[in-house]
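Data block for coords-v1.cif (mmCIF, C-alpha atoms):
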data_protein
loop_
_atom_site.group_PDB
_atom_site.id
_atom_site.type_symbol
_atom_site.label_atom_id
_atom_site.label_comp_id
_atom_site.auth_asym_id
_atom_site.auth_seq_id
_atom_site.Cartn_x
_atom_site.Cartn_y
_atom_site.Cartn_z
ATOM 1 C CA MET E 1 13.070 4.370 43.744
ATOM 2 C CA ALA E 2 10.171 6.681 44.598
ATOM 3 C CA ASN E 3 6.735 6.056 43.110
ATOM 4 C CA ILE E 4 3.662 8.236 42.634
ATOM 5 C CA LYS E 5 2.233 7.127 46.002
ATOM 6 C CA ASP E 6 5.399 8.349 47.768
ATOM 7 C CA VAL E 7 5.029 11.743 46.072
ATOM 8 C CA ALA E 8 1.385 11.977 47.171
ATOM 9 C CA GLU E 9 2.253 11.179 50.793
ATOM 10 C CA ARG E 10 5.145 13.678 50.844
ATOM 11 C CA ALA E 11 2.957 16.430 49.353
ATOM 12 C CA GLY E 12 -0.057 15.555 51.526
ATOM 13 C CA VAL E 13 -2.370 15.076 48.537
ATOM 14 C CA THR E 14 -4.036 12.168 46.755
ATOM 15 C CA VAL E 15 -2.448 10.076 44.026
ATOM 16 C CA THR E 16 -5.103 11.431 41.660
ATOM 17 C CA THR E 17 -3.948 14.994 42.358
ATOM 18 C CA VAL E 18 -0.319 14.083 41.616
ATOM 19 C CA SER E 19 -1.449 12.422 38.384
ATOM 20 C CA ARG E 20 -3.346 15.570 37.371
ATOM 21 C CA VAL E 21 -0.265 17.706 38.004
ATOM 22 C CA LEU E 22 1.953 15.365 35.976
ATOM 23 C CA ASN E 23 -0.471 15.244 33.063
ATOM 24 C CA ASN E 24 -1.654 18.861 33.375
ATOM 25 C CA ARG E 25 -5.308 17.799 33.545
ATOM 26 C CA GLY E 26 -8.109 19.441 35.494
ATOM 27 C CA TYR E 27 -7.959 22.440 37.810
ATOM 28 C CA ILE E 28 -5.119 22.415 40.347
ATOM 29 C CA SER E 29 -4.375 25.440 42.535
ATOM 30 C CA GLU E 30 -0.938 26.963 42.234
ATOM 31 C CA LYS E 31 -0.274 26.170 45.913
ATOM 32 C CA THR E 32 -1.054 22.466 45.415
ATOM 33 C CA ARG E 33 0.903 22.327 42.197
ATOM 34 C CA ASN E 34 3.961 23.781 43.966
ATOM 35 C CA LYS E 35 3.643 21.281 46.856
ATOM 36 C CA VAL E 36 3.585 18.392 44.398
ATOM 37 C CA GLN E 37 6.558 19.764 42.455
ATOM 38 C CA VAL E 38 8.595 20.163 45.656
ATOM 39 C CA ALA E 39 7.828 16.550 46.592
ATOM 40 C CA ILE E 40 8.831 15.381 43.116
ATOM 41 C CA ASP E 41 12.134 17.246 43.363
ATOM 42 C CA GLU E 42 12.896 16.048 46.890
ATOM 43 C CA LEU E 43 12.197 12.398 46.026
ATOM 44 C CA ASN E 44 13.795 12.646 42.569
ATOM 45 C CA TYR E 45 10.656 11.010 41.203
ATOM 46 C CA GLN E 46 10.758 9.900 37.550
ATOM 47 C CA PRO E 47 7.301 9.339 35.999
ATOM 48 C CA ASN E 48 6.694 6.069 34.181
ATOM 49 C CA GLU E 49 6.637 7.350 30.606
ATOM 50 C CA ILE E 50 5.113 4.183 29.157
ATOM 51 C CA ALA E 51 2.276 4.269 31.693
ATOM 52 C CA ARG E 52 1.676 7.948 30.928
ATOM 53 C CA ALA E 53 1.689 7.193 27.207
ATOM 54 C CA LEU E 54 -0.951 4.508 27.733
ATOM 55 C CA LEU E 55 -3.040 6.955 29.762
ATOM 56 C CA LYS E 56 -2.760 9.773 27.229
ATOM 57 C CA ARG E 57 -2.611 7.428 24.217
ATOM 58 C CA LYS E 58 0.278 9.603 23.073
ATOM 59 C CA SER E 59 3.983 9.170 23.818
ATOM 60 C CA ASN E 60 5.475 12.090 21.844
ATOM 61 C CA ILE E 61 8.029 9.596 20.534
ATOM 62 C CA ILE E 62 8.602 8.917 16.833
ATOM 63 C CA GLY E 63 10.421 5.816 15.636
ATOM 64 C CA LEU E 64 13.077 6.291 12.951
ATOM 65 C CA ILE E 65 14.310 3.191 11.097
ATOM 66 C CA LEU E 66 17.413 3.686 8.939
ATOM 67 C CA PRO E 67 19.650 1.190 7.132
ATOM 68 C CA ASP E 68 22.921 2.511 8.605
ATOM 69 C CA VAL E 69 23.362 5.757 10.513
ATOM 70 C CA ALA E 70 27.115 5.638 9.770
ATOM 71 C CA HIS E 71 26.339 6.326 6.102
ATOM 72 C CA PRO E 72 26.896 10.081 5.489
ATOM 73 C CA PHE E 73 23.460 10.635 3.958
ATOM 74 C CA PHE E 74 21.501 8.875 6.709
ATOM 75 C CA SER E 75 23.649 10.458 9.393
ATOM 76 C CA ASN E 76 22.842 13.916 8.056
ATOM 77 C CA LEU E 77 19.164 13.094 7.561
ATOM 78 C CA SER E 78 18.771 11.739 11.092
ATOM 79 C CA LYS E 79 20.319 14.931 12.458
ATOM 80 C CA TYR E 80 17.640 17.069 10.829
ATOM 81 C CA ILE E 81 14.813 14.696 11.714
ATOM 82 C CA GLU E 82 15.847 14.772 15.378
ATOM 83 C CA TYR E 83 16.205 18.565 15.311
ATOM 84 C CA PHE E 84 12.759 19.238 13.851
ATOM 85 C CA ALA E 85 11.155 16.572 16.037
ATOM 86 C CA TYR E 86 12.552 18.230 19.153
ATOM 87 C CA GLU E 87 11.405 21.646 17.939
ATOM 88 C CA ASN E 88 7.877 20.223 17.791
ATOM 89 C CA GLY E 89 7.938 18.560 21.197
ATOM 90 C CA TYR E 90 8.826 15.032 20.067
ATOM 91 C CA LYS E 91 11.728 12.681 20.753
ATOM 92 C CA ILE E 92 13.259 10.235 18.283
ATOM 93 C CA LEU E 93 13.842 6.536 18.903
ATOM 94 C CA LEU E 94 16.541 5.604 16.369
ATOM 95 C CA CYS E 95 16.781 2.081 14.964
ATOM 96 C CA ASN E 96 19.698 0.920 12.791
ATOM 97 C CA SER E 97 18.451 -1.984 10.644
ATOM 98 C CA TYR E 98 21.699 -2.654 8.719
ATOM 99 C CA GLN E 99 19.392 -3.847 5.907
ATOM 100 C CA ASP E 100 18.607 -6.953 8.005
ATOM 101 C CA SER E 101 14.929 -7.908 7.647
ATOM 102 C CA LYS E 102 14.902 -9.869 10.923
ATOM 103 C CA LYS E 103 16.347 -6.911 12.813
ATOM 104 C CA GLU E 104 13.979 -4.482 11.127
ATOM 105 C CA LYS E 105 10.972 -6.584 12.119
ATOM 106 C CA GLU E 106 12.203 -6.798 15.731
ATOM 107 C CA TYR E 107 12.590 -3.018 15.804
ATOM 108 C CA ILE E 108 9.031 -2.543 14.566
ATOM 109 C CA GLU E 109 7.752 -4.811 17.336
ATOM 110 C CA MET E 110 9.826 -2.860 19.863
ATOM 111 C CA LEU E 111 8.450 0.465 18.610
ATOM 112 C CA LYS E 112 4.894 -0.886 18.926
ATOM 113 C CA ARG E 113 5.562 -2.006 22.506
ATOM 114 C CA ASN E 114 6.945 1.434 23.354
ATOM 115 C CA GLN E 115 3.771 3.106 22.108
ATOM 116 C CA VAL E 116 5.464 5.356 19.546
ATOM 117 C CA ASP E 117 3.127 7.808 17.847
ATOM 118 C CA GLY E 118 4.443 7.013 14.369
ATOM 119 C CA ILE E 119 7.365 5.682 12.314
ATOM 120 C CA ILE E 120 9.588 7.344 9.725
ATOM 121 C CA MET E 121 10.908 4.489 7.631
ATOM 122 C CA GLY E 122 14.084 4.717 5.564
ATOM 123 C CA SER E 123 15.001 1.037 5.400
ATOM 124 C CA HIS E 124 14.087 -1.297 2.546
ATOM 125 C CA THR E 125 14.121 -4.900 3.678
ATOM 126 C CA LEU E 126 10.633 -5.914 4.838
ATOM 127 C CA GLU E 127 7.736 -6.849 2.622
ATOM 128 C CA ILE E 128 5.228 -4.049 2.196
ATOM 129 C CA SER E 129 2.587 -6.064 4.055
ATOM 130 C CA GLU E 130 4.615 -5.736 7.264
ATOM 131 C CA TYR E 131 3.962 -1.978 7.191
ATOM 132 C CA LEU E 132 0.403 -2.115 5.936
ATOM 133 C CA ASP E 133 -0.554 -4.057 9.067
ATOM 134 C CA LEU E 134 0.611 -1.280 11.396
ATOM 135 C CA LYS E 135 -2.071 0.799 13.080
ATOM 136 C CA PHE E 136 -0.246 4.105 13.473
ATOM 137 C CA PRO E 137 1.094 6.795 11.112
ATOM 138 C CA ILE E 138 4.004 6.008 8.795
ATOM 139 C CA VAL E 139 6.106 8.182 6.517
ATOM 140 C CA ALA E 140 8.423 6.429 4.062
ATOM 141 C CA PHE E 141 11.610 7.901 2.671
ATOM 142 C CA ASP E 142 12.606 6.782 -0.842
ATOM 143 C CA ARG E 143 10.108 3.923 -0.852
ATOM 144 C CA PHE E 144 6.572 3.572 -2.152
ATOM 145 C CA LEU E 145 4.552 1.334 0.182
ATOM 146 C CA SER E 146 0.946 1.977 -0.824
ATOM 147 C CA GLU E 147 -1.440 4.672 -2.021
ATOM 148 C CA ASP E 148 -2.305 5.398 1.619
ATOM 149 C CA ILE E 149 1.217 5.825 3.024
ATOM 150 C CA PRO E 150 2.970 9.127 2.249
ATOM 151 C CA TYR E 151 6.516 9.050 0.958
ATOM 152 C CA ILE E 152 9.237 11.638 0.502
ATOM 153 C CA THR E 153 11.972 11.582 -2.103
ATOM 154 C CA SER E 154 14.058 13.916 -4.215
ATOM 155 C CA ASP E 155 13.534 14.335 -7.960
ATOM 156 C CA ASN E 156 15.691 11.321 -8.742
ATOM 157 C CA TYR E 157 14.929 11.243 -12.450
ATOM 158 C CA SER E 158 15.961 14.861 -12.993
ATOM 159 C CA GLY E 159 19.041 14.344 -10.831
ATOM 160 C CA GLY E 160 20.188 11.348 -12.842
ATOM 161 C CA ALA E 161 19.520 13.122 -16.121
ATOM 162 C CA MET E 162 21.421 16.210 -14.993
ATOM 163 C CA ALA E 163 24.444 14.168 -13.864
ATOM 164 C CA THR E 164 24.561 12.108 -17.073
ATOM 165 C CA GLN E 165 24.189 15.099 -19.374
ATOM 166 C CA LEU E 166 26.981 16.912 -17.553
ATOM 167 C CA LEU E 167 29.391 14.007 -18.136
ATOM 168 C CA ILE E 168 28.482 13.993 -21.832
ATOM 169 C CA ASP E 169 28.860 17.773 -22.100
ATOM 170 C CA LYS E 170 32.295 17.496 -20.469
ATOM 171 C CA GLY E 171 33.451 15.253 -23.329
ATOM 172 C CA CYS E 172 33.192 11.755 -21.834
ATOM 173 C CA LYS E 173 33.175 8.946 -24.432
ATOM 174 C CA LYS E 174 31.983 5.991 -22.328
ATOM 175 C CA LEU E 175 29.910 6.211 -19.180
ATOM 176 C CA ALA E 176 29.254 4.022 -16.172
ATOM 177 C CA HIS E 177 26.596 4.243 -13.496
ATOM 178 C CA ILE E 178 27.201 2.607 -10.126
ATOM 179 C CA SER E 179 23.754 2.076 -8.693
ATOM 180 C CA GLY E 180 22.285 0.771 -5.490
ATOM 181 C CA PRO E 181 20.560 -2.643 -5.736
ATOM 182 C CA LEU E 182 17.814 -2.134 -8.319
ATOM 183 C CA ILE E 183 15.890 -5.132 -6.966
ATOM 184 C CA LEU E 184 14.640 -2.870 -4.144
ATOM 185 C CA ASN E 185 12.379 -1.013 -6.594
ATOM 186 C CA THR E 186 12.660 2.351 -4.841
ATOM 187 C CA PRO E 187 12.146 5.864 -6.260
ATOM 188 C CA ALA E 188 15.966 6.201 -6.242
ATOM 189 C CA ASN E 189 16.044 3.716 -9.130
ATOM 190 C CA LYS E 190 14.881 6.565 -11.348
ATOM 191 C CA ARG E 191 18.489 7.826 -11.233
ATOM 192 C CA CYS E 192 19.456 4.733 -13.204
ATOM 193 C CA GLU E 193 16.418 5.044 -15.482
ATOM 194 C CA SER E 194 17.311 8.601 -16.472
ATOM 195 C CA PHE E 195 20.994 7.661 -16.890
ATOM 196 C CA ILE E 196 19.958 5.061 -19.485
ATOM 197 C CA ASP E 197 17.550 7.459 -21.203
ATOM 198 C CA VAL E 198 20.072 10.296 -21.538
ATOM 199 C CA ALA E 199 22.949 8.024 -22.596
ATOM 200 C CA THR E 200 20.743 6.306 -25.194
ATOM 201 C CA LYS E 201 19.438 9.619 -26.532
ATOM 202 C CA ASN E 202 23.038 10.760 -27.030
ATOM 203 C CA ASN E 203 24.208 7.440 -28.564
ATOM 204 C CA MET E 204 26.653 7.125 -25.676
ATOM 205 C CA PRO E 205 28.019 3.664 -24.779
ATOM 206 C CA TYR E 206 27.484 2.848 -21.132
ATOM 207 C CA VAL E 207 27.647 0.177 -18.454
ATOM 208 C CA ILE E 208 25.630 -0.220 -15.243
ATOM 209 C CA VAL E 209 26.945 -1.845 -12.069
ATOM 210 C CA GLU E 210 24.803 -2.592 -8.999
ATOM 211 C CA THR E 211 26.060 -2.729 -5.431
ATOM 212 C CA GLU E 212 25.052 -5.555 -3.112
ATOM 213 C CA LEU E 213 21.919 -5.283 -0.988
ATOM 214 C CA ASN E 214 23.393 -5.316 2.525
ATOM 215 C CA SER E 215 26.556 -3.352 1.945
ATOM 216 C CA PHE E 216 27.677 0.187 2.753
ATOM 217 C CA ASN E 217 31.240 -1.075 2.757
ATOM 218 C CA ILE E 218 34.307 0.759 1.401
ATOM 219 C CA GLU E 219 36.164 -2.427 0.504
ATOM 220 C CA ALA E 220 33.127 -3.871 -1.286
ATOM 221 C CA TYR E 221 32.633 -0.644 -3.245
ATOM 222 C CA GLU E 222 36.299 -0.453 -4.258
ATOM 223 C CA ASN E 223 36.224 -4.097 -5.427
ATOM 224 C CA ILE E 224 33.262 -3.173 -7.636
ATOM 225 C CA ILE E 225 35.228 -0.224 -9.021
ATOM 226 C CA TYR E 226 38.331 -2.323 -9.748
ATOM 227 C CA SER E 227 36.190 -4.952 -11.483
ATOM 228 C CA LEU E 228 34.476 -2.250 -13.532
ATOM 229 C CA PHE E 229 37.766 -0.907 -14.899
ATOM 230 C CA LYS E 230 39.174 -4.395 -15.455
ATOM 231 C CA GLU E 231 36.227 -5.153 -17.743
ATOM 232 C CA HIS E 232 35.772 -1.614 -19.125
ATOM 233 C CA PRO E 233 39.135 0.219 -18.998
ATOM 234 C CA ASP E 234 37.867 2.862 -21.435
ATOM 235 C CA VAL E 235 35.186 4.247 -19.084
ATOM 236 C CA ASP E 236 35.974 7.932 -18.562
ATOM 237 C CA GLY E 237 32.819 9.197 -16.819
ATOM 238 C CA ILE E 238 30.989 7.757 -13.807
ATOM 239 C CA PHE E 239 27.704 8.772 -12.234
ATOM 240 C CA ALA E 240 27.637 7.310 -8.711
ATOM 241 C CA SER E 241 24.311 6.932 -6.918
ATOM 242 C CA SER E 242 25.760 8.380 -3.706
ATOM 243 C CA ASP E 243 28.610 10.627 -2.580
ATOM 244 C CA PHE E 244 29.896 7.704 -0.513
ATOM 245 C CA ILE E 245 30.360 5.560 -3.630
ATOM 246 C CA ALA E 246 31.845 8.548 -5.477
ATOM 247 C CA ALA E 247 34.378 9.049 -2.668
ATOM 248 C CA CYS E 248 35.425 5.402 -3.042
ATOM 249 C CA ILE E 249 35.940 5.969 -6.779
ATOM 250 C CA VAL E 250 38.161 8.961 -6.069
ATOM 251 C CA HIS E 251 40.138 6.919 -3.540
ATOM 252 C CA ALA E 252 40.590 4.015 -5.976
ATOM 253 C CA SER E 253 41.550 6.236 -8.918
ATOM 254 C CA SER E 254 45.188 6.623 -7.846
ATOM 255 C CA SER E 255 45.643 2.823 -7.796
ATOM 256 C CA LEU E 256 44.115 2.751 -11.260
ATOM 257 C CA ASN E 257 46.534 5.473 -12.473
ATOM 258 C CA LYS E 258 43.654 7.703 -13.462
ATOM 259 C CA LYS E 259 43.831 11.453 -12.952
ATOM 260 C CA ILE E 260 40.646 13.294 -12.005
ATOM 261 C CA PRO E 261 39.148 15.011 -13.969
ATOM 262 C CA GLU E 262 41.616 14.585 -16.866
ATOM 263 C CA ASP E 263 41.215 10.798 -17.278
ATOM 264 C CA LEU E 264 38.057 10.234 -15.276
ATOM 265 C CA LYS E 265 35.136 12.493 -14.442
ATOM 266 C CA ILE E 266 32.817 11.717 -11.518
ATOM 267 C CA VAL E 267 29.419 12.949 -10.385
ATOM 268 C CA GLY E 268 27.933 11.883 -7.048
ATOM 269 C CA TYR E 269 24.481 12.202 -5.521
ATOM 270 C CA ASP E 270 23.380 13.693 -2.157
ATOM 271 C CA ASP E 271 25.829 16.558 -1.460
ATOM 272 C CA THR E 272 26.629 15.289 2.021
ATOM 273 C CA LEU E 273 29.328 16.835 4.196
ATOM 274 C CA ILE E 274 32.040 14.694 2.590
ATOM 275 C CA ALA E 275 31.452 16.073 -0.936
ATOM 276 C CA PRO E 276 33.446 19.329 -0.605
ATOM 277 C CA LEU E 277 36.132 17.590 1.518
ATOM 278 C CA ILE E 278 37.089 14.963 -1.066
ATOM 279 C CA VAL E 279 40.241 15.826 -3.034
ATOM 280 C CA PRO E 280 39.423 16.825 -5.671
ATOM 281 C CA ALA E 281 36.116 18.196 -4.364
ATOM 282 C CA LEU E 282 33.125 16.257 -5.654
ATOM 283 C CA THR E 283 30.655 17.447 -8.268
ATOM 284 C CA THR E 284 27.315 16.101 -7.119
ATOM 285 C CA ILE E 285 23.538 16.304 -7.234
ATOM 286 C CA LYS E 286 22.316 18.024 -4.083
ATOM 287 C CA GLN E 287 19.360 16.524 -2.248
ATOM 288 C CA PRO E 288 17.638 19.052 0.067
ATOM 289 C CA ILE E 289 18.389 16.931 3.140
ATOM 290 C CA GLU E 290 17.276 19.550 5.657
ATOM 291 C CA LYS E 291 13.961 20.024 3.841
ATOM 292 C CA ILE E 292 13.472 16.255 3.663
ATOM 293 C CA GLY E 293 13.959 15.983 7.434
ATOM 294 C CA LYS E 294 11.612 18.878 8.134
ATOM 295 C CA LEU E 295 8.921 17.562 5.780
ATOM 296 C CA ALA E 296 9.171 14.072 7.285
ATOM 297 C CA ILE E 297 8.454 15.473 10.749
ATOM 298 C CA GLU E 298 5.672 17.783 9.538
ATOM 299 C CA THR E 299 4.030 14.902 7.670
ATOM 300 C CA ILE E 300 4.160 12.424 10.554
ATOM 301 C CA ILE E 301 2.907 14.985 13.104
ATOM 302 C CA ASN E 302 0.043 16.019 10.827
ATOM 303 C CA GLN E 303 -0.957 12.368 10.517
ATOM 304 C CA ILE E 304 -0.748 11.935 14.298
ATOM 305 C CA ASN E 305 -3.101 14.908 14.656
ATOM 306 C CA GLY E 306 -5.523 13.594 12.046
ATOM 307 C CA ILE E 307 -4.644 16.185 9.394
ATOM 308 C CA GLU E 308 -4.728 15.125 5.736
ATOM 309 C CA VAL E 309 -1.257 15.020 4.133
ATOM 310 C CA GLU E 310 0.179 14.816 0.630
ATOM 311 C CA LYS E 311 0.960 11.206 -0.267
ATOM 312 C CA GLU E 312 3.623 11.928 -2.902
ATOM 313 C CA ASN E 313 6.343 14.430 -1.971
ATOM 314 C CA ILE E 314 9.068 14.922 -4.595
ATOM 315 C CA LEU E 315 11.563 17.641 -3.704
ATOM 316 C CA PRO E 316 13.763 19.492 -6.239
ATOM 317 C CA ILE E 317 17.463 18.774 -6.661
ATOM 318 C CA GLU E 318 20.404 20.984 -7.653
ATOM 319 C CA LEU E 319 23.649 20.375 -9.533
ATOM 320 C CA ILE E 320 26.710 21.394 -7.498
ATOM 321 C CA LEU E 321 29.771 21.825 -9.713
ATOM 322 C CA ARG E 322 33.164 21.123 -8.143
ATOM 323 C CA LYS E 323 36.507 19.684 -9.252
ATOM 324 C CA THR E 324 35.732 16.076 -10.277
ATOM 325 C CA THR E 325 34.232 17.194 -13.598
#

Conversion result in structure tokens:
Amino acid sequence: MANIKDVAERAGVTVTTVSRVLNNRGYISEKTRNKVQVAIDELNYQPNEIARALLKRKSNIIGLILPDVAHPFFSNLSKYIEYFAYENGYKILLCNSYQDSKKEKEYIEMLKRNQVDGIIMGSHTLEISEYLDLKFPIVAFDRFLSEDIPYITSDNYSGGAMATQLLIDKGCKKLAHISGPLILNTPANKRCESFIDVATKNNMPYVIVETELNSFNIEAYENIIYSLFKEHPDVDGIFASSDFIAACIVHASSSLNKKIPEDLKIVGYDDTLIAPLIVPALTTIKQPIEKIGKLAIETIINQINGIEVEKENILPIELILRKTT
């Protein structure tokens, strides 16, 4: 494999000149620049990106840590983050933590070794101190780490309130909320908080069920749903904390002999690509996923460039009415 010295010899210039061409530093005549480029092409030379990053103290790589990219929400979010990163001259290094704290920590160490310029963090396993010790920019999604680390989330409280009120307005007599693990203490927990507030205000009986910490699993979700109806067969309205959970409810409803929306009304959260494809199509709370991805990239790049950023970023949600209500 050719190295920078080989390129210099082929072009008849010094190694320093080749380095200046590669890093676009200092004055280089067009003739010399062309000679170096021809040598690079002929030798199929690939610059050492890590070495260049060390030299420039900038890699133009952003680390993205997600719990599971197979999850419809995180899949969609990562698409937009990659798109807006590329538009701004950055590449994404994607890390799938699977909610495993050991794996998440190893990924952070790997990102540090690869000289990433910053991390967008959407996983929730490590202690906050693990992130406070990092020396480069961080943006958190749906997690508050500290007063100094910006985070992005949707208006979870309003979304939960909107979903719960809709179920009540549609005539439901007993409600359930299937939540993510509340032990994580994330901004998304406000969906559950507003569910309780609205149900209580309307004297509506309700039940709350939490999913397990390390699970985005269809079978696990459906077992939760079957257990819910075994203990509370009179539940006729469910607010699910994600479209993925809501889709599992729809799938399980036939086994439970419940017609949607006649016997059971369902509201999801996210408005991912699966929401309109579910039969019946899912009523849900729309998160502005594209805007979240764009804001995450803008915020991390501004931090990289030393520009002051907003620490709290709460984006508006929207109720999307479809056939499950």

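Between atom CA of Gly63 of chain E and atom CA of Cys95 of chain E the separation is 7.4 Å.
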
* Near-Arg33 of chain E list (9 Å; all atoms listed in the file; drop same-chain fewer than 5 positions) as JSON, numbers by chain -> {"E": [17, 18, 21, 28, 38]}

Report as CSV: every residue of segment 35-110 of chain E with an atom at most 10 Å from segment 238-262 of chain E, its closest pair of atoms, and their distance in Å to one decimal, counting all atoms listed in the file, with rows sorted by chain and ascending residue number.
residue,atom,partner,partner_atom,distance
E:His71,CA,E:Phe244,CA,7.6
E:Pro72,CA,E:Phe244,CA,7.1
E:Phe73,CA,E:Ser242,CA,8.3

* Report as a PyMOL selection string the full result of the PyMOL selection byres ((chain E and resi 2-6) around 12) when it is applied to this structure. => chain E and resi 1+7-22+36-37+39-48+51-52

Written selection (C-alpha atoms) as an mmCIF file, in the frame of the given file:
data_model
loop_
_atom_site.group_PDB
_atom_site.id
_atom_site.type_symbol
_atom_site.label_atom_id
_atom_site.label_comp_id
_atom_site.auth_asym_id
_atom_site.auth_seq_id
_atom_site.Cartn_x
_atom_site.Cartn_y
_atom_site.Cartn_z
ATOM 1 C CA MET E 1 13.070 4.370 43.744
ATOM 2 C CA VAL E 7 5.029 11.743 46.072
ATOM 3 C CA ALA E 8 1.385 11.977 47.171
ATOM 4 C CA GLU E 9 2.253 11.179 50.793
ATOM 5 C CA ARG E 10 5.145 13.678 50.844
ATOM 6 C CA ALA E 11 2.957 16.430 49.353
ATOM 7 C CA GLY E 12 -0.057 15.555 51.526
ATOM 8 C CA VAL E 13 -2.370 15.076 48.537
ATOM 9 C CA THR E 14 -4.036 12.168 46.755
ATOM 10 C CA VAL E 15 -2.448 10.076 44.026
ATOM 11 C CA THR E 16 -5.103 11.431 41.660
ATOM 12 C CA THR E 17 -3.948 14.994 42.358
ATOM 13 C CA VAL E 18 -0.319 14.083 41.616
ATOM 14 C CA SER E 19 -1.449 12.422 38.384
ATOM 15 C CA ARG E 20 -3.346 15.570 37.371
ATOM 16 C CA VAL E 21 -0.265 17.706 38.004
ATOM 17 C CA LEU E 22 1.953 15.365 35.976
ATOM 18 C CA VAL E 36 3.585 18.392 44.398
ATOM 19 C CA GLN E 37 6.558 19.764 42.455
ATOM 20 C CA ALA E 39 7.828 16.550 46.592
ATOM 21 C CA ILE E 40 8.831 15.381 43.116
ATOM 22 C CA ASP E 41 12.134 17.246 43.363
ATOM 23 C CA GLU E 42 12.896 16.048 46.890
ATOM 24 C CA LEU E 43 12.197 12.398 46.026
ATOM 25 C CA ASN E 44 13.795 12.646 42.569
ATOM 26 C CA TYR E 45 10.656 11.010 41.203
ATOM 27 C CA GLN E 46 10.758 9.900 37.550
ATOM 28 C CA PRO E 47 7.301 9.339 35.999
ATOM 29 C CA ASN E 48 6.694 6.069 34.181
ATOM 30 C CA ALA E 51 2.276 4.269 31.693
ATOM 31 C CA ARG E 52 1.676 7.948 30.928
#

* Asked: Of the residues E:Leu315, E:Ile61, E:Ile292, E:Ile266, which is the one nearest to Lys79 of chain E, using all atoms listed in the file?
  ->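 When distances to Lys79 of chain E are compared using all atoms listed in the file, the smallest one comes from E:Ile292.
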
* Quick one: distance from atom CA of Lys170 of chain E to atom CA of Asn189 of chain E in Å, one decimal? ->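 Spanning atom CA of Lys170 of chain E to atom CA of Asn189 of chain E is a straight-line distance of 24.1 Å.
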
* Residues returned when the PyMOL selection byres ((chain E and resi 298-310) around 7) runs on this file, as a VMD selection string -> chain E and resid 117 to 118 137 to 139 150 294 to 297 311 to 313

Export of prior selection with C-alpha atoms as a short mmCIF file (atom, residue, chain, number, x, y, z; two decimals), in the coordinates of the input:
data_model
loop_
_atom_site.label_atom_id
_atom_site.label_comp_id
_atom_site.auth_asym_id
_atom_site.auth_seq_id
_atom_site.Cartn_x
_atom_site.Cartn_y
_atom_site.Cartn_z
CA ASP E 117 3.13 7.81 17.85
CA GLY E 118 4.44 7.01 14.37
CA PRO E 137 1.09 6.80 11.11
CA ILE E 138 4.00 6.01 8.80
CA VAL E 139 6.11 8.18 6.52
CA PRO E 150 2.97 9.13 2.25
CA LYS E 294 11.61 18.88 8.13
CA LEU E 295 8.92 17.56 5.78
CA ALA E 296 9.17 14.07 7.28
CA ILE E 297 8.45 15.47 10.75
CA LYS E 311 0.96 11.21 -0.27
CA GLU E 312 3.62 11.93 -2.90
CA ASN E 313 6.34 14.43 -1.97
#

* Residues in the PyMOL selection byres ((chain E and resi 85) around 9), expressed as a ChimeraX atom specification -> /E:61-62,80-84,86-92,294,297-298,301

* Structure fact -> Using only C-alpha atoms, the best pick from E:Asn60, E:Met162, E:Phe229, E:Ala140 as closest to Lys286 of chain E would be E:Met162

* Asked: Using only C-alpha atoms, which residues sit within 6 Å of Lys265 of chain E once same-chain residues fewer than 3 positions away are excluded, as a list in words?
  ->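 Contacts, in chain order: Gly237, Pro261, Thr324 and Thr325 of chain E.
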
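The list of residues with at least one atom within 7 Å of segment 281-283 of chain E, based on only C-alpha atoms and without residues fewer than 4 positions apart in the same chain, reads E:Ile266, E:Val267, E:Gly268, E:Ala275, E:Pro276, E:Leu277, E:Ile320, E:Leu321, E:Arg322, E:Lys323, E:Thr324, E:Thr325.
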
* Asked: Hey, which of E:Thr272, E:Ser78, E:Ser154, E:Asn217 ends up closest to Leu93 of chain E? Count all atoms listed in the file.
  ->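 Under the stated criterion, the closest residue is E:Ser78.
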
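Rounded to one decimal, atom CA of Ala161 of chain E and atom CA of Ala199 of chain E lie 8.9 Å from each other.
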
* For Asp155 of chain E, the nearest of the candidates E:Ile120, E:Ile274, E:Ile224, E:Ala188, counting all atoms listed in the file ->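 Ranking E:Ile120, E:Ile274, E:Ile224, E:Ala188 by distance to Asp155 of chain E, first place goes to E:Ala188.
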
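Compared by their closest atoms to Leu145 of chain E, and using all atoms listed in the file, the residues E:Leu184, E:Cys172, E:Asp100, E:Ile178 rank with E:Leu184 nearest.
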
Around all the atoms of segment 252-271 of chain E listed in the file, draw an axis-aligned box and extend it by 5 Å on each of the six sides; I want its centre and edge lengths in Å to one decimal, as AutoDock Vina command-line options.
--center_x 35.0 --center_y 9.7 --center_z -9.4 --size_x 33.2 --size_y 23.8 --size_z 25.8

* Asked: Between E:Glu193, E:Phe74, E:Ile208, E:Leu111, which one has atoms that come closest to Gly293 of chain E, using only C-alpha atoms?
  ->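 Among the listed residues, E:Phe74 lies closest to Gly293 of chain E.
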